[in-house]
file my_file14.cif (mmCIF, C-alpha atoms and all ligand atoms)
data_upload
loop_
_atom_site.label_atom_id
_atom_site.label_comp_id
_atom_site.auth_asym_id
_atom_site.auth_seq_id
_atom_site.Cartn_x
_atom_site.Cartn_y
_atom_site.Cartn_z
CA MET N 1 -21.17 19.22 -16.37
CA LYS N 2 -18.12 19.23 -18.56
CA PRO N 3 -17.00 16.13 -20.40
CA THR N 4 -13.93 16.05 -18.20
CA SER N 5 -16.01 15.96 -15.06
CA LEU N 6 -17.73 13.02 -16.63
CA THR N 7 -14.42 11.28 -17.09
CA PHE N 8 -13.66 11.99 -13.47
CA LEU N 9 -16.94 10.42 -12.46
CA LEU N 10 -16.34 7.42 -14.63
CA ALA N 11 -12.95 6.91 -13.09
CA LEU N 12 -14.61 7.26 -9.74
CA ALA N 13 -17.31 4.70 -10.34
CA LEU N 14 -15.28 2.15 -12.23
CA LEU N 15 -12.08 2.06 -10.40
CA VAL N 16 -11.10 2.97 -7.00
CA PRO N 17 -11.50 6.38 -5.45
CA PRO N 18 -12.91 5.52 -2.08
CA LEU N 19 -15.93 7.82 -1.90
CA ALA N 20 -17.62 5.85 -4.62
CA GLN N 21 -16.96 2.51 -3.06
CA ALA N 22 -20.12 2.29 -1.09
CA GLN N 23 -22.29 2.99 -4.11
CA ALA N 24 -20.24 1.17 -6.71
CA ALA N 25 -19.58 -1.91 -4.69
CA ARG N 26 -23.26 -2.80 -4.31
CA GLU N 27 -23.31 -3.48 -7.99
CA LEU N 28 -20.10 -5.40 -8.35
CA PRO N 29 -19.90 -6.98 -11.77
CA THR N 30 -20.59 -10.70 -11.87
CA LEU N 31 -17.83 -12.86 -13.24
CA SER N 32 -18.48 -15.12 -16.21
CA GLY N 33 -17.99 -18.84 -15.63
CA ASP N 34 -14.65 -18.76 -17.44
CA ASP N 35 -13.41 -15.78 -15.44
CA ALA N 36 -14.52 -17.36 -12.16
CA ALA N 37 -12.69 -20.59 -13.05
CA ALA N 38 -9.55 -18.67 -13.99
CA ALA N 39 -9.69 -16.65 -10.76
CA ALA N 40 -10.19 -19.82 -8.70
CA ALA N 41 -7.11 -21.31 -10.36
CA ASP N 42 -5.09 -18.14 -9.68
CA TYR N 43 -6.20 -18.27 -6.06
CA GLN N 44 -5.06 -21.86 -5.60
CA ARG N 45 -1.81 -21.16 -7.37
CA TYR N 46 -0.81 -17.91 -5.70
CA CYS N 47 -2.73 -17.53 -2.45
CA ALA N 48 -3.84 -20.86 -0.96
CA LEU N 49 -0.39 -21.55 0.47
CA CYS N 50 -0.89 -18.95 3.20
CA HIS N 51 -4.56 -17.99 3.12
CA GLY N 52 -5.65 -21.65 2.93
CA PRO N 53 -7.46 -23.53 0.16
CA ASP N 54 -10.80 -22.45 1.67
CA ARG N 55 -9.77 -18.76 2.23
CA ALA N 56 -10.14 -19.13 6.01
CA GLY N 57 -6.62 -17.80 6.60
CA HIS N 58 -3.89 -18.86 9.00
CA ALA N 59 -2.64 -21.77 6.89
CA ASN N 60 0.85 -20.21 6.93
CA ASP N 61 2.51 -17.05 8.17
CA HIS N 62 -0.65 -16.04 10.05
CA ALA N 63 -2.16 -14.82 6.81
CA PRO N 64 -5.59 -13.34 7.60
CA SER N 65 -8.92 -14.75 6.58
CA LEU N 66 -10.14 -13.67 3.15
CA LYS N 67 -13.68 -14.89 3.82
CA SER N 68 -14.42 -13.03 7.07
CA GLN N 69 -17.67 -11.14 6.52
CA SER N 70 -16.33 -8.33 8.68
CA LEU N 71 -13.45 -7.86 6.25
CA LEU N 72 -15.48 -8.22 3.07
CA SER N 73 -18.27 -5.92 4.22
CA THR N 74 -15.90 -3.08 5.08
CA GLY N 75 -12.87 -3.83 3.00
CA PHE N 76 -14.23 -2.63 -0.33
CA PRO N 77 -12.93 -4.18 -3.53
CA TRP N 78 -10.62 -1.18 -3.82
CA LEU N 79 -8.92 -1.86 -0.54
CA LEU N 80 -8.44 -5.57 -1.09
CA ARG N 81 -7.15 -4.89 -4.55
CA GLU N 82 -4.52 -2.52 -3.17
CA ALA N 83 -3.43 -5.25 -0.74
CA VAL N 84 -3.15 -7.87 -3.49
CA ALA N 85 -1.54 -5.54 -6.03
CA TYR N 86 1.05 -3.87 -3.80
CA GLY N 87 1.26 -6.25 -0.85
CA ARG N 88 2.46 -5.31 2.59
CA PRO N 89 6.21 -5.00 2.12
CA GLY N 90 8.07 -6.20 5.17
CA THR N 91 5.47 -8.92 5.84
CA PRO N 92 5.02 -12.24 4.03
CA MET N 93 2.30 -10.60 1.89
CA GLY N 94 4.04 -9.61 -1.34
CA GLY N 95 2.65 -7.51 -4.16
CA TYR N 96 1.28 -9.53 -7.10
CA LEU N 97 0.95 -6.78 -9.69
CA ASP N 98 3.25 -7.07 -12.70
CA GLU N 99 4.09 -3.36 -12.49
CA ILE N 100 6.03 -3.95 -9.29
CA GLY N 101 7.44 -7.28 -10.40
CA GLY N 102 4.58 -9.65 -9.54
CA PRO N 103 2.96 -12.30 -11.77
CA MET N 104 -0.51 -10.75 -12.29
CA SER N 105 -1.93 -8.01 -14.53
CA GLN N 106 -4.35 -5.36 -13.23
CA ALA N 107 -7.20 -7.27 -14.86
CA GLU N 108 -6.21 -10.53 -13.19
CA VAL N 109 -5.93 -8.88 -9.77
CA ARG N 110 -9.33 -7.28 -10.24
CA ARG N 111 -10.85 -10.60 -11.33
CA LEU N 112 -9.39 -12.37 -8.30
CA VAL N 113 -10.75 -9.77 -5.89
CA LEU N 114 -14.22 -9.94 -7.45
CA TRP N 115 -14.03 -13.71 -7.10
CA LEU N 116 -13.17 -13.37 -3.39
CA TYR N 117 -16.33 -11.28 -2.96
CA GLU N 118 -18.43 -13.79 -4.86
CA GLN N 119 -17.05 -16.68 -2.85
CA GLY N 120 -17.71 -14.72 0.33
CA GLY N 121 -21.39 -14.48 -0.60
CA SER N 122 -21.13 -10.84 -1.76
CA PRO N 123 -21.99 -9.43 1.66
CA GLU N 124 -23.83 -6.16 2.08
CA LEU N 125 -21.24 -3.41 2.26
CA HIS N 126 -21.12 -1.10 5.25
CA ARG N 127 -20.52 2.53 4.54
CA VAL N 128 -17.62 2.88 6.90
CA GLY N 129 -16.44 6.02 5.15
CA ILE N 130 -12.96 7.41 4.92
CA ASP N 131 -12.88 10.26 7.43
CA ARG N 132 -9.99 10.56 9.80
CA ILE N 133 -10.96 9.43 13.33
CA ALA N 134 -10.07 11.92 16.02
CA GLY N 135 -8.63 10.35 19.15
CA ASP N 136 -5.88 10.78 21.68
CA ALA N 137 -2.88 8.95 20.23
CA ALA N 138 -0.98 8.98 23.54
CA ALA N 139 -3.89 7.35 25.35
CA GLY N 140 -4.23 4.98 22.38
CA ALA N 141 -0.63 3.87 22.83
CA ARG N 142 -1.51 2.60 26.31
CA VAL N 143 -4.63 0.84 25.04
CA TYR N 144 -2.47 -0.79 22.38
CA GLU N 145 0.16 -1.98 24.81
CA GLU N 146 -2.38 -3.57 27.12
CA ASN N 147 -4.79 -5.08 24.61
CA CYS N 148 -3.13 -5.53 21.26
CA ALA N 149 0.65 -5.85 21.46
CA SER N 150 0.54 -9.53 22.46
CA CYS N 151 -0.85 -10.47 19.04
CA HIS N 152 0.17 -7.53 16.84
CA GLY N 153 3.66 -6.97 18.29
CA ASP N 154 5.25 -4.30 20.49
CA GLU N 155 6.12 -2.29 17.42
CA GLY N 156 3.20 -3.27 15.24
CA GLN N 157 5.39 -5.72 13.36
CA GLY N 158 2.78 -8.49 13.51
CA VAL N 159 2.97 -11.74 15.49
CA THR N 160 -0.13 -13.92 15.25
CA GLY N 161 -2.09 -10.81 14.25
CA THR N 162 -1.32 -8.70 11.18
CA ALA N 163 1.34 -5.97 11.09
CA LEU N 164 -0.59 -2.89 12.20
CA GLY N 165 2.49 -0.69 11.84
CA ASN N 166 2.95 -1.58 8.20
CA PRO N 167 3.38 1.64 6.18
CA THR N 168 1.75 0.28 3.03
CA MET N 169 -1.26 -0.96 5.01
CA LEU N 170 -1.61 2.38 6.79
CA ALA N 171 -1.12 4.39 3.59
CA THR N 172 -3.95 2.54 1.82
CA THR N 173 -6.40 1.89 4.69
CA PRO N 174 -8.85 4.51 5.97
CA ASP N 175 -9.35 4.93 9.72
CA PRO N 176 -12.98 3.71 9.85
CA PHE N 177 -11.88 0.38 8.32
CA LEU N 178 -9.39 -0.12 11.18
CA ARG N 179 -11.95 1.09 13.72
CA HIS N 180 -14.52 -1.40 12.42
CA ALA N 181 -12.07 -4.31 12.74
CA ILE N 182 -11.26 -3.22 16.31
CA GLU N 183 -14.91 -2.92 17.35
CA HIS N 184 -16.33 -5.94 15.54
CA GLY N 185 -13.31 -8.19 15.11
CA ARG N 186 -12.98 -10.55 12.17
CA ASP N 187 -15.42 -13.43 12.37
CA GLY N 188 -13.91 -16.90 12.17
CA THR N 189 -10.43 -15.66 13.24
CA PRO N 190 -8.56 -15.00 16.51
CA MET N 191 -9.37 -11.27 16.16
CA ALA N 192 -12.27 -10.83 18.59
CA GLY N 193 -14.16 -7.53 18.62
CA PHE N 194 -13.51 -5.07 21.43
CA ALA N 195 -17.03 -3.62 21.55
CA ASP N 196 -17.58 -5.04 25.06
CA THR N 197 -14.08 -4.53 26.42
CA LEU N 198 -13.09 -1.04 25.32
CA SER N 199 -15.06 2.19 25.41
CA SER N 200 -15.85 3.96 22.18
CA ALA N 201 -13.31 6.67 23.09
CA GLN N 202 -10.62 4.04 23.70
CA MET N 203 -11.28 2.50 20.28
CA ASP N 204 -10.96 5.96 18.72
CA ASP N 205 -7.74 6.52 20.68
CA VAL N 206 -6.14 3.29 19.54
CA THR N 207 -7.18 4.03 15.94
CA ALA N 208 -5.57 7.49 16.22
CA PHE N 209 -2.48 5.83 17.68
CA LEU N 210 -2.21 3.44 14.71
CA ARG N 211 -2.67 6.32 12.28
CA SER N 212 0.09 8.25 14.06
CA ARG N 213 2.48 5.43 13.12
CA ALA N 214 1.93 5.89 9.39
CA THR N 215 5.43 7.18 8.75
CA GLY N 216 7.09 4.69 11.07
CA TRP N 217 6.43 3.13 14.43
CA LYS N 218 8.85 5.39 16.25
CA ALA N 219 7.75 8.60 14.54
CA GLU N 220 6.43 11.41 16.70
CA PRO N 221 2.69 11.94 16.19
CA ARG N 222 2.14 15.12 14.23
CA PRO N 223 -0.90 17.35 14.05
CA LEU N 224 -3.05 17.56 10.97
CA VAL N 225 -2.70 20.86 9.15
CA PRO N 226 -4.38 22.19 6.02
CA PRO N 227 -2.80 21.30 2.68
CA PRO N 228 -0.71 23.86 0.81
CA ALA N 229 -2.40 26.21 -1.65
CA LEU N 230 -2.12 25.53 -5.35
CA ALA N 231 -0.40 28.89 -5.67
CA ASP N 232 2.53 27.46 -3.70
CA ALA N 233 2.61 24.28 -5.73
CA VAL N 234 5.88 24.72 -7.61
CA LEU N 235 8.59 22.61 -6.01
CA ASN N 236 12.17 23.83 -6.23
CA PRO N 237 11.29 27.07 -8.08
CA GLY N 238 14.98 27.74 -8.77
CA GLY N 239 15.68 24.21 -10.07
CA GLU N 240 16.28 23.01 -13.64
CA ALA N 241 13.56 21.20 -15.60
CA PRO N 242 13.50 17.45 -14.92
CA GLU N 243 14.82 14.98 -17.48
CA PHE N 244 13.31 11.53 -17.91
CA GLU N 245 12.02 9.16 -20.61
CA PHE N 246 8.27 8.66 -20.92
CA LYS N 247 6.93 5.20 -20.38
CA ASP N 248 3.98 4.39 -22.70
CA GLY N 249 3.56 7.93 -23.97
CA HIS N 250 2.86 9.95 -20.84
CA TYR N 251 3.96 8.06 -17.74
CA ILE N 252 6.90 8.57 -15.42
CA THR N 253 8.19 5.66 -13.36
CA ALA N 254 8.50 5.83 -9.57
CA ALA N 255 12.27 5.49 -9.87
CA ASP N 256 12.48 8.53 -12.18
CA LEU N 257 10.14 10.59 -10.01
CA ASP N 258 12.15 9.78 -6.91
CA ARG N 259 15.32 10.75 -8.77
CA ILE N 260 14.06 14.10 -10.08
CA LEU N 261 12.69 14.99 -6.64
CA LYS N 262 16.08 14.22 -5.11
CA GLU N 263 17.78 16.25 -7.86
CA LYS N 264 15.58 19.17 -6.78
CA ARG N 265 14.14 19.76 -10.24
CA ARG N 266 11.44 22.35 -10.78
CA LEU N 267 8.00 20.71 -11.00
CA VAL N 268 4.44 20.55 -9.70
CA LEU N 269 3.18 17.34 -8.12
CA LEU N 270 -0.60 16.82 -8.01
CA ASP N 271 -2.27 14.25 -5.75
CA THR N 272 -5.56 13.63 -7.57
CA ARG N 273 -7.17 11.37 -4.96
CA VAL N 274 -9.87 12.39 -2.49
CA ALA N 275 -8.25 14.93 -0.14
CA SER N 276 -8.46 12.73 2.95
CA MET N 277 -6.13 10.28 1.24
CA TRP N 278 -3.56 13.06 0.98
CA GLN N 279 -3.83 13.39 4.76
CA LEU N 280 -3.21 9.65 5.27
CA ALA N 281 0.00 9.66 3.27
CA HIS N 282 1.23 11.43 0.16
CA ILE N 283 4.39 11.92 -1.83
CA LYS N 284 6.31 14.72 -0.20
CA GLY N 285 5.64 18.04 -1.90
CA ALA N 286 2.37 16.97 -3.54
CA VAL N 287 -0.61 19.33 -3.53
CA PRO N 288 -4.04 17.72 -3.22
CA ILE N 289 -6.08 18.39 -6.36
CA PRO N 290 -8.85 15.80 -6.02
CA TYR N 291 -10.54 14.54 -9.16
CA TYR N 292 -13.65 16.49 -8.13
CA SER N 293 -11.84 19.87 -8.14
CA ASP N 294 -13.09 22.49 -10.55
CA PRO N 295 -10.74 21.93 -13.50
CA GLU N 296 -10.92 25.56 -14.63
CA LYS N 297 -9.75 26.84 -11.25
CA VAL N 298 -6.93 24.32 -11.21
CA VAL N 299 -5.78 25.39 -14.65
CA ALA N 300 -5.94 29.06 -13.72
CA ALA N 301 -3.61 28.50 -10.78
CA LEU N 302 -1.01 26.36 -12.55
CA PRO N 303 2.17 27.87 -14.01
CA THR N 304 2.04 28.28 -17.79
CA ASP N 305 5.78 28.61 -18.34
CA GLY N 306 6.39 24.96 -19.22
CA THR N 307 6.95 23.80 -15.63
CA TRP N 308 6.45 20.03 -15.53
CA ILE N 309 3.19 18.88 -13.90
CA ILE N 310 3.12 15.32 -12.60
CA SER N 311 -0.12 13.75 -11.36
CA TYR N 312 -0.68 10.60 -9.39
CA CYS N 313 -3.53 8.71 -7.78
CA GLU N 314 -4.25 5.50 -5.97
CA CYS N 315 -5.78 3.53 -8.71
CA PRO N 316 -3.27 3.34 -10.31
CA ARG N 317 -3.94 6.01 -12.78
CA ALA N 318 -7.61 6.52 -13.66
CA ALA N 319 -8.06 9.80 -11.80
CA ALA N 320 -4.56 11.06 -12.62
CA ASP N 321 -4.94 10.06 -16.27
CA SER N 322 -8.11 12.09 -16.60
CA VAL N 323 -6.53 15.16 -14.96
CA ASN N 324 -3.53 14.74 -17.24
CA ARG N 325 -5.70 14.47 -20.35
CA PHE N 326 -7.51 17.62 -19.34
CA LEU N 327 -4.25 19.52 -18.81
CA ARG N 328 -3.00 18.47 -22.23
CA GLU N 329 -6.26 19.57 -23.82
CA LYS N 330 -5.72 22.94 -22.18
CA GLY N 331 -2.32 23.27 -23.79
CA PHE N 332 -0.02 22.10 -21.01
CA THR N 333 2.53 19.94 -22.80
CA ASN N 334 4.97 19.04 -20.04
CA THR N 335 2.74 16.72 -18.07
CA ALA N 336 3.11 13.14 -16.87
CA VAL N 337 1.38 10.56 -14.68
CA LEU N 338 3.10 8.35 -12.13
CA TRP N 339 3.03 4.85 -13.62
CA GLU N 340 2.89 2.85 -10.39
CA GLY N 341 0.43 5.09 -8.51
CA ILE N 342 0.97 5.84 -4.83
CA GLY N 343 0.40 2.19 -3.90
CA GLY N 344 3.33 1.15 -6.07
CA TRP N 345 5.38 4.10 -4.84
CA VAL N 346 5.01 3.01 -1.20
CA ALA N 347 5.39 -0.68 -2.00
CA LEU N 348 8.65 -0.02 -3.83
CA GLY N 349 9.97 1.69 -0.70
CA TYR N 350 9.91 5.36 -1.77
CA PRO N 351 9.19 7.90 0.97
CA THR N 352 5.86 9.42 1.95
CA ALA N 353 4.76 12.24 4.22
CA VAL N 354 1.55 12.58 6.24
CA GLY N 355 -0.86 15.50 6.26
CA ARG N 356 1.47 18.39 6.88
CA ALA N 357 2.22 21.16 4.48
CA ASP N 358 5.77 21.99 5.40
CA ASP N 359 7.53 18.61 5.41
C1 LIG A 1 3.51 -16.21 1.79
C2 LIG A 1 2.20 -16.07 2.36
C3 LIG A 1 1.13 -15.32 1.60
C4 LIG A 1 0.72 -15.51 0.29
C5 LIG A 1 1.23 -16.52 -0.70
C6 LIG A 1 -0.35 -14.56 0.07
N1 LIG A 1 -0.58 -13.82 1.20
FE1 LIG A 1 -1.98 -12.38 1.44
N2 LIG A 1 -1.31 -11.99 3.29
C7 LIG A 1 -0.31 -12.71 3.94
C8 LIG A 1 -0.07 -12.10 5.23
C9 LIG A 1 0.93 -12.59 6.27
C10 LIG A 1 -0.93 -10.98 5.32
C11 LIG A 1 -1.01 -9.99 6.46
C12 LIG A 1 0.09 -9.01 6.28
C13 LIG A 1 0.19 -8.04 7.40
O1 LIG A 1 0.67 -8.40 8.46
O2 LIG A 1 -0.24 -6.89 7.19
C14 LIG A 1 -1.70 -10.97 4.10
C15 LIG A 1 -2.68 -10.01 3.82
C16 LIG A 1 -3.54 -10.06 2.74
C17 LIG A 1 -4.66 -9.19 2.52
C18 LIG A 1 -5.11 -8.07 3.44
C19 LIG A 1 -6.23 -8.56 4.31
C20 LIG A 1 -6.58 -7.67 5.45
O3 LIG A 1 -7.11 -8.18 6.44
O4 LIG A 1 -6.33 -6.47 5.38
C21 LIG A 1 -5.26 -9.59 1.36
C22 LIG A 1 -6.50 -9.00 0.72
C23 LIG A 1 -4.49 -10.70 0.85
N3 LIG A 1 -3.44 -10.95 1.70
C24 LIG A 1 -4.78 -11.38 -0.32
C25 LIG A 1 -3.93 -12.32 -0.90
C26 LIG A 1 -4.14 -12.90 -2.20
C27 LIG A 1 -5.36 -12.65 -3.06
C28 LIG A 1 -3.07 -13.71 -2.45
C29 LIG A 1 -2.78 -14.46 -3.73
C30 LIG A 1 -2.68 -13.66 -4.91
C31 LIG A 1 -2.20 -13.67 -1.29
N4 LIG A 1 -2.75 -12.81 -0.37
C32 LIG A 1 -1.05 -14.41 -1.12
C33 LIG A 1 0.37 -13.80 3.46
C34 LIG A 1 0.30 -14.27 2.16
C1 LIG A 2 -5.70 -12.72 20.25
C2 LIG A 2 -4.91 -12.00 19.32
C3 LIG A 2 -5.32 -10.58 18.94
C4 LIG A 2 -5.52 -9.51 19.78
C5 LIG A 2 -5.41 -9.45 21.30
C6 LIG A 2 -5.84 -8.39 18.93
N1 LIG A 2 -5.83 -8.78 17.61
FE1 LIG A 2 -6.21 -7.62 16.01
N2 LIG A 2 -6.04 -9.22 14.78
C7 LIG A 2 -5.65 -10.48 15.17
C8 LIG A 2 -5.64 -11.35 14.02
C9 LIG A 2 -5.27 -12.81 14.02
C10 LIG A 2 -6.04 -10.56 12.91
C11 LIG A 2 -6.25 -11.03 11.49
C12 LIG A 2 -7.66 -11.54 11.43
C13 LIG A 2 -7.97 -12.36 10.21
O1 LIG A 2 -7.55 -13.51 10.14
O2 LIG A 2 -8.67 -11.84 9.36
C14 LIG A 2 -6.27 -9.23 13.43
C15 LIG A 2 -6.69 -8.15 12.64
C16 LIG A 2 -6.76 -6.85 13.08
C17 LIG A 2 -7.03 -5.71 12.25
C18 LIG A 2 -7.26 -5.73 10.76
C19 LIG A 2 -5.94 -5.43 10.08
C20 LIG A 2 -5.93 -5.51 8.58
O3 LIG A 2 -4.82 -5.48 8.02
O4 LIG A 2 -6.96 -5.63 7.95
C21 LIG A 2 -6.98 -4.61 13.04
C22 LIG A 2 -7.18 -3.17 12.64
C23 LIG A 2 -6.69 -5.07 14.39
N3 LIG A 2 -6.58 -6.44 14.37
C24 LIG A 2 -6.54 -4.23 15.48
C25 LIG A 2 -6.38 -4.69 16.78
C26 LIG A 2 -6.31 -3.80 17.92
C27 LIG A 2 -6.28 -2.30 17.87
C28 LIG A 2 -6.23 -4.61 19.02
C29 LIG A 2 -6.22 -4.17 20.46
C30 LIG A 2 -7.30 -3.30 20.87
C31 LIG A 2 -6.21 -5.99 18.55
N4 LIG A 2 -6.31 -6.00 17.21
C32 LIG A 2 -6.08 -7.10 19.37
C33 LIG A 2 -5.36 -10.89 16.45
C34 LIG A 2 -5.51 -10.11 17.60
#
call {"tool": "encode", "arguments": {"input": "my_file14.cif", "output": "structure tokens"}}
result
Amino acid sequence: MKPTSLTFLLALALLVPPLAQAQAARELPTLSGDDAAAAAADYQRYCALCHGPDRAGHANDHAPSLKSQSLLSTGFPWLLREAVAYGRPGTPMGGYLDEIGGPMSQAEVRRLVLWLYEQGGSPELHRVGIDRIAGDAAAGARVYEENCASCHGDEGQGVTGTALGNPTMLATTPDPFLRHAIEHGRDGTPMAGFADTLSSAQMDDVTAFLRSRATGWKAEPRPLVPPPALADAVLNPGGEAPEFEFKDGHYITAADLDRILKEKRRLVLLDTRVASMWQLAHIKGAVPIPYYSDPEKVVAALPTDGTWIISYCECPRAAADSVNRFLREKGFTNTAVLWEGIGGWVALGYPTAVGRADD
């Protein structure tokens, strides 16, 4: 194994990429007394207003429970952290990460999420996985209308239940997590499980229906197609090189990336997350080069004529940073990493596409 693969693995275990969640989360670090006290204070200051002083939820704005065992055992620290960092724009849940204008650093968000797990009794984590659930979205729309719309809203906007049509939620939440909530509900909340009311196929259908809304509630469901080949990775081959200022040495901000994409500049955009995340939602034009790809093959397929190569991930940044480091070691100089990660990109309102090569 090459040192770079090791970096990839480290990024995987320490931070976020979902495949590692099940393994990593069993050994969540324990907070020191000082850290736990600081996290408890942050919770009361920033979260208790809506989620309640005891984390039971529904104190204001129908904020969900943060102590439900069903949530904690399937939510993974990664997923909760995305919700706290980037929020659910369009709902009362804002993003708290300083990078998108919130009051908390990455480390403080992480500490708070670990504290939520500790307070919740660190439940055993279910391996719900991240695979896409196949179902009939049209049939799922009917299931939704009859069983879900009264609480979650006709257009998934959220009423007493959460906003199931929220693009940031859907872009950062794997299907099996939704499916688990539908089947088992969320203990201690109005969300009862549907295990006895709906068939397994109906639960798959309604999950597929929710997924089909990832680019907007009124969007037409679109079939899943294979990602583009790395050989076709160069965007706007006839365009000029992009111009932007680095942030902190090798980062590009979401605003600059959005601008250079709109200016149709020549570049390669790499999505370094696990490939199924590319299917859920990605930045238009990105090619999936997961952190576990063979770095030599990736390098062999990339243009060596100085074309800019921009990487992003979920984390933000661990996986993309390691790919970027590797590219620079291999002599690629025009490389950058998206500062806000895809979570920040979506939360700031920049557009995404779902798993289709040609849009
Ligand atoms: C102004 C009210 C409000 C405040 C303050 C607030 N939240 Fe939320 N939160 C919500 C709402 C409402 C939702 C559900 C959003 C939706 O409909 O998707 C939510 C969702 C969440 C979720 C996703 C849970 C799930 O079931 O997927 C997490 C995690 C969360 N909040 C954590 C926090 C933390 C931690 C804080 C403090 C740093 C916080 N929230 C502050 C209202 C709030
Ligand atoms: C009686 C009202 C009610 C009905 C009916 C209902 N839900 Fe919910 N649902 C909720 C509430 C409230 C929550 C938030 C639970 C909490 O506090 O943690 C929720 C949470 C969820 C979540 C977790 C969302 C997240 O952001 O983590 C999913 C997924 C979900 N519901 C899907 C469905 C589907 C699909 C149906 C129909 C088959 C349905 N619900 C029917 C009230 C309802």
call {"tool": "closest_residue", "arguments": {"input": "my_file14.cif", "among": "N:Val206, N:Cys47, N:Cys313, N:Leu116", "to": "Gly135 (chain N)", "atoms": "all atoms listed in the file"}}
result
N:Val206
call {"tool": "atom_distance", "arguments": {"input": "my_file14.cif", "atom1": "CA of Cys50 (chain N)", "atom2": "CA of Gly33 (chain N)"}}
result
25.4 Å
call {"tool": "residues_around", "arguments": {"input": "my_file14.cif", "residues": "region 69-84 of chain N", "least_positions_apart": "4", "cutoff": "8 Å", "atoms": "only C-alpha atoms", "output": "PyMOL selection string"}}
result
chain N and resi 15-18+21-22+25+88+94-97+109-110+113-114+117+120+122-128+169+172-173+177+180-181+184-187+343
call {"tool": "write_last_selection", "arguments": {"input": "my_file14.cif", "atoms": "C-alpha atoms", "output": "tab-separated table (two decimals), keeping the file's coordinate frame"}}
result
chain	number	residue	atom	x	y	z
N	15	LEU	CA	-12.08	2.06	-10.40
N	16	VAL	CA	-11.10	2.97	-7.00
N	17	PRO	CA	-11.50	6.38	-5.45
N	18	PRO	CA	-12.91	5.52	-2.08
N	21	GLN	CA	-16.96	2.51	-3.06
N	22	ALA	CA	-20.12	2.29	-1.09
N	25	ALA	CA	-19.58	-1.91	-4.69
N	88	ARG	CA	2.46	-5.31	2.59
N	94	GLY	CA	4.04	-9.61	-1.34
N	95	GLY	CA	2.65	-7.51	-4.16
N	96	TYR	CA	1.28	-9.53	-7.10
N	97	LEU	CA	0.95	-6.78	-9.69
N	109	VAL	CA	-5.93	-8.88	-9.77
N	110	ARG	CA	-9.33	-7.28	-10.24
N	113	VAL	CA	-10.75	-9.77	-5.89
N	114	LEU	CA	-14.22	-9.94	-7.45
N	117	TYR	CA	-16.33	-11.28	-2.96
N	120	GLY	CA	-17.71	-14.72	0.33
N	122	SER	CA	-21.13	-10.84	-1.76
N	123	PRO	CA	-21.99	-9.43	1.66
N	124	GLU	CA	-23.83	-6.16	2.08
N	125	LEU	CA	-21.24	-3.41	2.26
N	126	HIS	CA	-21.12	-1.10	5.25
N	127	ARG	CA	-20.52	2.53	4.54
N	128	VAL	CA	-17.62	2.88	6.90
N	169	MET	CA	-1.26	-0.96	5.01
N	172	THR	CA	-3.95	2.54	1.82
N	173	THR	CA	-6.40	1.89	4.69
N	177	PHE	CA	-11.88	0.38	8.32
N	180	HIS	CA	-14.52	-1.40	12.42
N	181	ALA	CA	-12.07	-4.31	12.74
N	184	HIS	CA	-16.33	-5.94	15.54
N	185	GLY	CA	-13.31	-8.19	15.11
N	186	ARG	CA	-12.98	-10.55	12.17
N	187	ASP	CA	-15.42	-13.43	12.37
N	343	GLY	CA	0.40	2.19	-3.90
call {"tool": "closest_residue", "arguments": {"input": "my_file14.cif", "among": "N:Ala63, N:Asp54, N:Trp115, N:Asp204", "to": "ligand LIG 1 (chain A)", "atoms": "all atoms listed in the file"}}
result
N:Ala63
call {"tool": "closest_residue", "arguments": {"input": "my_file14.cif", "among": "N:Val268, N:Leu280, N:Ala48, N:Ala300", "to": "Ser212 (chain N)", "atoms": "all atoms listed in the file"}}
result
N:Leu280
call {"tool": "atom_distance", "arguments": {"input": "my_file14.cif", "atom1": "CA of Ile342 (chain N)", "atom2": "CA of Gln157 (chain N)"}}
result
22.0 Å
call {"tool": "closest_residue", "arguments": {"input": "my_file14.cif", "among": "N:Ser311, N:Thr304, N:Thr168, N:Ser322", "to": "Ala254 (chain N)", "atoms": "all atoms listed in the file"}}
result
N:Ser311
call {"tool": "residues_around", "arguments": {"input": "my_file14.cif", "residues": "Thr30 (chain N)", "least_positions_apart": "2", "cutoff": "8 Å", "atoms": "only C-alpha atoms", "output": "list of chain:residue names"}}
result
N:Leu28, N:Ser32, N:Leu114, N:Glu118
call {"tool": "write_last_selection", "arguments": {"input": "my_file14.cif", "atoms": "C-alpha atoms", "output": "PDB file, in the coordinates of the input"}}
result
ATOM      1  CA  LEU N  28     -20.100  -5.400  -8.350  1.00  0.00           C
ATOM      2  CA  SER N  32     -18.480 -15.120 -16.210  1.00  0.00           C
ATOM      3  CA  LEU N 114     -14.220  -9.940  -7.450  1.00  0.00           C
ATOM      4  CA  GLU N 118     -18.430 -13.790  -4.860  1.00  0.00           C
TER       5      GLU N 118
END
call {"tool": "closest_atom_pairs", "arguments": {"input": "my_file14.cif", "of": "chain N", "to": "ligand LIG 2 (chain A)", "cutoff": "6 Å", "atoms": "only C-alpha atoms and all ligand atoms", "output": "tab-separated table"}}
result
residue	atom	partner	partner_atom	distance
N:Gly57	CA	A:LIG2	O1	5.6
N:Pro64	CA	A:LIG2	O1	3.2
N:Ser65	CA	A:LIG2	O1	4.0
N:Tyr144	CA	A:LIG2	C29	5.4
N:Asn147	CA	A:LIG2	C29	4.5
N:Cys148	CA	A:LIG2	C29	3.5
N:Cys151	CA	A:LIG2	C2	4.3
N:Thr160	CA	A:LIG2	C9	5.4
N:Gly161	CA	A:LIG2	C8	3.6
N:Thr162	CA	A:LIG2	C10	5.4
N:Leu178	CA	A:LIG2	C22	4.0
N:Ala181	CA	A:LIG2	C22	5.0
N:Ile182	CA	A:LIG2	C24	4.9
N:Arg186	CA	A:LIG2	O2	5.3
N:Thr189	CA	A:LIG2	O1	4.7
N:Pro190	CA	A:LIG2	C9	4.7
N:Met191	CA	A:LIG2	C7	3.9
N:Val206	CA	A:LIG2	C27	5.8
